[in-house]
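Remarks on the structure that follows.
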Amino acid sequence: MAAPAYWRSPFSIVKRLRISPSTQLQSRCQRAGLADISNNDQLKISPSNNTPETLTPEELEKLPVGLRNISQKVRDTVLSMPLPMSVQAAYLRPMRRPSTLGLPVCDLQLRSYSIRNLEFFADFALRAAYYLGLPAKGPVPLPRITERWTVPRSNFVHKKSQENFERITLRRLIQIQDGHPDVVQCWLGYLERRSYHGIGMKANVWEWEGLKVGKRMDEQAKQADQAIQDKWGNFGVRVNAATAEKMEKLLSGKAFSQQPRPMEAFIREPIEIKRG
Amino acid sequence: MAQFRANRLDLGCFINKFVIRDHTKRKVFTEYETERQALRYIIRNTTLPQRMRASAQLKLSQMHCYTRPTQIHNRCLMGGKGRGVFRDFRMARYQFRVNALEGNIPGVKKASW
């Protein structure tokens with residue numbers, strides 16, 4: 001998918017452009033929004049040179065269905081139509097919006113064991129952020145987590161012959177700056193909905209508040225309490241647990257209620273001592 | 001212990017008597033955990049009468065040994081072994097090796113450095 005390094009280096013001016021080795025017709029068909037033909041590699045027909053009569057039936061069959069029974073002129077027009085901007089953008093590096101204040105709002109960490117999936121999804125997340133209007137920084141490659149295990153090769157004894165295994169977790173960080181909290185939630189929700197296989201996501205979200213936060217939070221807490229009661233009122237309560245009753249019995253028994261406190265005769269309030 | 005054991009098998013992994021025993025211990029522990037914690041609280045609370053704390057101690061020590069968390073011991077899911085079990089994979093070392101070589105454990109590869 002990604003172009004190899006020797007392709008990119010000479011073209012520093014068109015750095016955002018991703019060059020992939022493709023045939024002429026393939027790019028043309030894609031330009032016309034007809035990228036769904038599968039065997040592109042065999043097609044090396046340039047339509048401008050060929051009239052409909054010169055196309056052999058085999059060549060015609062290789063064309064997309066919509067392009068077969070039309071005149072050469074129309075076909076040329078269709079094939080030379082420009083790619084829509086949104087589709088063109090898929091071939092370029094993800095676009096970004098500049099941040100105004102630079103206040104971090106959300107840190108999204110992506111983790112995976114597979115670099116391809118990780119890079120792809122980080123790219124996708126950046127595009128999603130752009131189209132939602134969120135300024136995003138990254139993806140920052142965080143240090144890899146390497147875990148290693150050494151186990152004996154055999155199931156019994158023979159400790160001298162062992163084998164090493166490792167699991168390397170790759171991480172990428174995407175930071176959202178100056179985004180509205182709701183939009184950030186929307187972005188995170190979208191990413192979760194479109195989550196990719198083998199990719200774990202972890203987000204730290206920060207919200208920036210004005211003054212008098214405490215009062216507002218108190219009000220919100222009251223509302224949240226009610227909402228929680230409706231759903232989680234019985235959380236942590238076991239139907240068959242008799243512990244509370246047992247403890248009540250134990251505590252209300254003679255041993256607790258009638259006995260004096262230990263060392264009761266010696267208990268006194270502390271006295272303030274003045275030292276000159 | 002027989003009085004705690006489930007009448008029907010309620011496990012889906014490798015089965016032997018040790019696995020069943022450990023599973024039973026786990027269930028019994030969760031059932032009695034709150035009670036144990038309450039008794040422990042009474043024992044450690046110095047404002048409670050000494051007699052009561054002593055009786056709580058007695059009660060705690062008389063509870064069945066299956067209610068203790070220390071009885072629980074991780075066992076291999078694939079082979080039921082009790083030693084060399086990786087917490088990360090819940091497998092003993094040999095089963096871990098076999099499964100890693102087959103590629104059943106995500107991300108685990110043979111290492112060489």
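Letters for chains follow the order of the structure tokens (A, B, ...), residue numbers begin at 1 for each chain, and ligand numbers begin at 1 in the order shown.
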| Backbone DSSP call of alpha helix (DSSP H) for range 36-109 of chain B, listed as a ChimeraX atom specification | /B:36-44,50-62,93-102
Please identify all polymer residues within 8 Å of range 116-123 of chain A, counting only C-alpha atoms, omitting same-chain residues fewer than 6 positions from it, and present them as a compact mmCIF listing (two decimals) with N, CA and C atoms, in the first residue's frame.
```txt
# COMPACT_ATOMS: atom_id res chain seq x y z
N PRO A 94 -2.93 12.19 5.24
CA PRO A 94 -4.12 12.81 5.85
C PRO A 94 -3.92 14.30 6.09
N LEU A 110 -3.15 4.08 20.46
CA LEU A 110 -3.49 2.88 19.71
C LEU A 110 -2.41 1.84 19.96
N PRO A 139 0.52 10.77 14.08
CA PRO A 139 0.69 9.80 15.17
C PRO A 139 2.13 9.77 15.69
N LEU A 170 3.20 -2.46 19.74
CA LEU A 170 3.53 -1.18 19.11
C LEU A 170 2.47 -0.17 19.50
N ARG A 171 2.90 1.07 19.68
CA ARG A 171 1.95 2.08 20.15
C ARG A 171 2.04 3.34 19.31
N ARG A 172 0.91 3.97 19.13
CA ARG A 172 0.88 5.28 18.46
C ARG A 172 -0.02 6.20 19.28
N ILE A 174 -2.19 9.76 19.28
CA ILE A 174 -2.79 10.84 18.51
C ILE A 174 -3.39 11.82 19.51
N TYR A 196 -10.78 -1.53 14.17
CA TYR A 196 -10.09 -2.40 13.23
C TYR A 196 -9.58 -3.61 13.98
N HIS A 197 -9.46 -4.74 13.30
CA HIS A 197 -9.07 -5.93 14.04
C HIS A 197 -7.63 -5.86 14.52
N GLY A 198 -7.43 -6.32 15.74
CA GLY A 198 -6.09 -6.35 16.31
C GLY A 198 -5.59 -5.02 16.79
N ILE A 199 -6.48 -4.04 16.97
CA ILE A 199 -6.05 -2.73 17.45
C ILE A 199 -6.78 -2.40 18.73
```
Where does chain B meet chain A within 6 Å, residue by residue, with the nearest atom pair and distance in Å to one decimal for each, counting only C-alpha atoms, listed by chain and rising number, as JSON lines?
```
{"residue": "B:Glu35", "atom": "CA", "partner": "A:Thr243", "partner_atom": "CA", "distance": 5.5}
{"residue": "B:Pro49", "atom": "CA", "partner": "A:Pro262", "partner_atom": "CA", "distance": 5.8}
{"residue": "B:Met52", "atom": "CA", "partner": "A:Ala255", "partner_atom": "CA", "distance": 6.0}
{"residue": "B:Tyr94", "atom": "CA", "partner": "A:Asn155", "partner_atom": "CA", "distance": 5.3}
{"residue": "B:Gly107", "atom": "CA", "partner": "A:Tyr113", "partner_atom": "CA", "distance": 5.2}
{"residue": "B:Val108", "atom": "CA", "partner": "A:Arg167", "partner_atom": "CA", "distance": 4.5}
{"residue": "B:Lys109", "atom": "CA", "partner": "A:Glu166", "partner_atom": "CA", "distance": 5.5}
{"residue": "B:Lys110", "atom": "CA", "partner": "A:Phe165", "partner_atom": "CA", "distance": 4.4}
{"residue": "B:Ala111", "atom": "CA", "partner": "A:Phe165", "partner_atom": "CA", "distance": 4.7}
```
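Between CA of Gln220 in chain A and CA of Cys186 in chain A the separation is 20.9 Å.
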| field | Per-residue DSSP, range 23-254 of chain A, filtered to strand (DSSP E), as a ChimeraX atom specification | value | /A:104-112,136-152,162-177,199-205
| query | Got a sec: who's within 7 Å of range 16-23 of chain B, counting only C-alpha atoms, leaving out chain neighbours fewer than 3 positions off, as a list of chain:residue names? | reply |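 Final neighbour list, sorted by chain and number: B:Arg26, B:Lys27, B:Ile72, B:His73, B:Arg75, B:Gly80.
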| Contact residues around Ala6 in chain B with only C-alpha atoms at 9 Å, ignoring same-chain residues under 4 positions, as a PyMOL selection string | chain B and resi 2+10+24
Write a file of the selected residues as a compact mmCIF listing (two decimals), in the first residue's frame, keeping N, CA and C atoms.
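Once written, selection-v4.txt looks like this:
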```txt
# COMPACT_ATOMS: atom_id res chain seq x y z
N ALA B 2 -17.03 -32.01 49.26
CA ALA B 2 -18.22 -32.47 48.55
C ALA B 2 -19.41 -31.54 48.73
N ASP B 10 -19.49 -27.56 35.77
CA ASP B 10 -19.70 -26.20 35.31
C ASP B 10 -18.40 -25.56 34.83
N THR B 24 -13.94 -25.08 42.61
CA THR B 24 -14.86 -25.06 43.76
C THR B 24 -14.37 -24.06 44.81
```
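Taking CA of Lys212 in chain A as the reference point, CA of Gln229 in chain A is found at 26.5 Å.
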| query | Quick one: distance from CA of Tyr190 in chain A to CA of Leu173 in chain A in Å, one decimal? | reply |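 Here the two named atoms are 17.2 Å from each other.
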| query | For Arg44 in chain B, which residue out of B:Thr30, B:Gln57, B:Asn104, B:Asn99 is the nearest one, using only C-alpha atoms? | reply |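 Using only C-alpha atoms, the shortest distance to Arg44 in chain B belongs to B:Gln57.
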| request: Excluding Gln175 in chain A and any residue of its chain fewer than 5 positions from it, enumerate the residues within 6 Å of it, using only C-alpha atoms, and give them as an NGL selection string. | output: :A and (106-107 or 136-137)
May I have the selected residues written with all heavy atoms, as an mmCIF file, in the first residue's frame?
```cif
data_model
loop_
_atom_site.group_PDB
_atom_site.id
_atom_site.type_symbol
_atom_site.label_atom_id
_atom_site.label_comp_id
_atom_site.auth_asym_id
_atom_site.auth_seq_id
_atom_site.Cartn_x
_atom_site.Cartn_y
_atom_site.Cartn_z
ATOM 1 N N CYS A 106 -7.627 15.492 24.089
ATOM 2 C CA CYS A 106 -7.785 14.044 24.092
ATOM 3 C C CYS A 106 -6.485 13.393 23.621
ATOM 4 O O CYS A 106 -5.898 13.817 22.635
ATOM 5 C CB CYS A 106 -8.941 13.646 23.173
ATOM 6 S SG CYS A 106 -9.094 11.892 22.931
ATOM 7 N N ASP A 107 -6.024 12.413 24.366
ATOM 8 C CA ASP A 107 -4.875 11.611 23.951
ATOM 9 C C ASP A 107 -5.381 10.225 23.612
ATOM 10 O O ASP A 107 -5.862 9.520 24.495
ATOM 11 C CB ASP A 107 -3.862 11.507 25.099
ATOM 12 C CG ASP A 107 -2.783 12.550 25.000
ATOM 13 O OD1 ASP A 107 -2.807 13.318 24.028
ATOM 14 O OD2 ASP A 107 -1.937 12.602 25.901
ATOM 15 N N ALA A 136 -5.594 17.602 14.965
ATOM 16 C CA ALA A 136 -4.959 16.420 15.537
ATOM 17 C C ALA A 136 -3.458 16.480 15.345
ATOM 18 O O ALA A 136 -2.967 16.955 14.329
ATOM 19 C CB ALA A 136 -5.507 15.159 14.884
ATOM 20 N N LYS A 137 -2.721 16.020 16.338
ATOM 21 C CA LYS A 137 -1.268 15.904 16.254
ATOM 22 C C LYS A 137 -0.900 14.433 16.242
ATOM 23 O O LYS A 137 -1.533 13.645 16.934
ATOM 24 C CB LYS A 137 -0.622 16.590 17.458
ATOM 25 C CG LYS A 137 -0.694 18.095 17.428
ATOM 26 C CD LYS A 137 0.464 18.672 16.650
ATOM 27 C CE LYS A 137 0.233 20.118 16.283
ATOM 28 N NZ LYS A 137 0.277 21.004 17.416
#
```
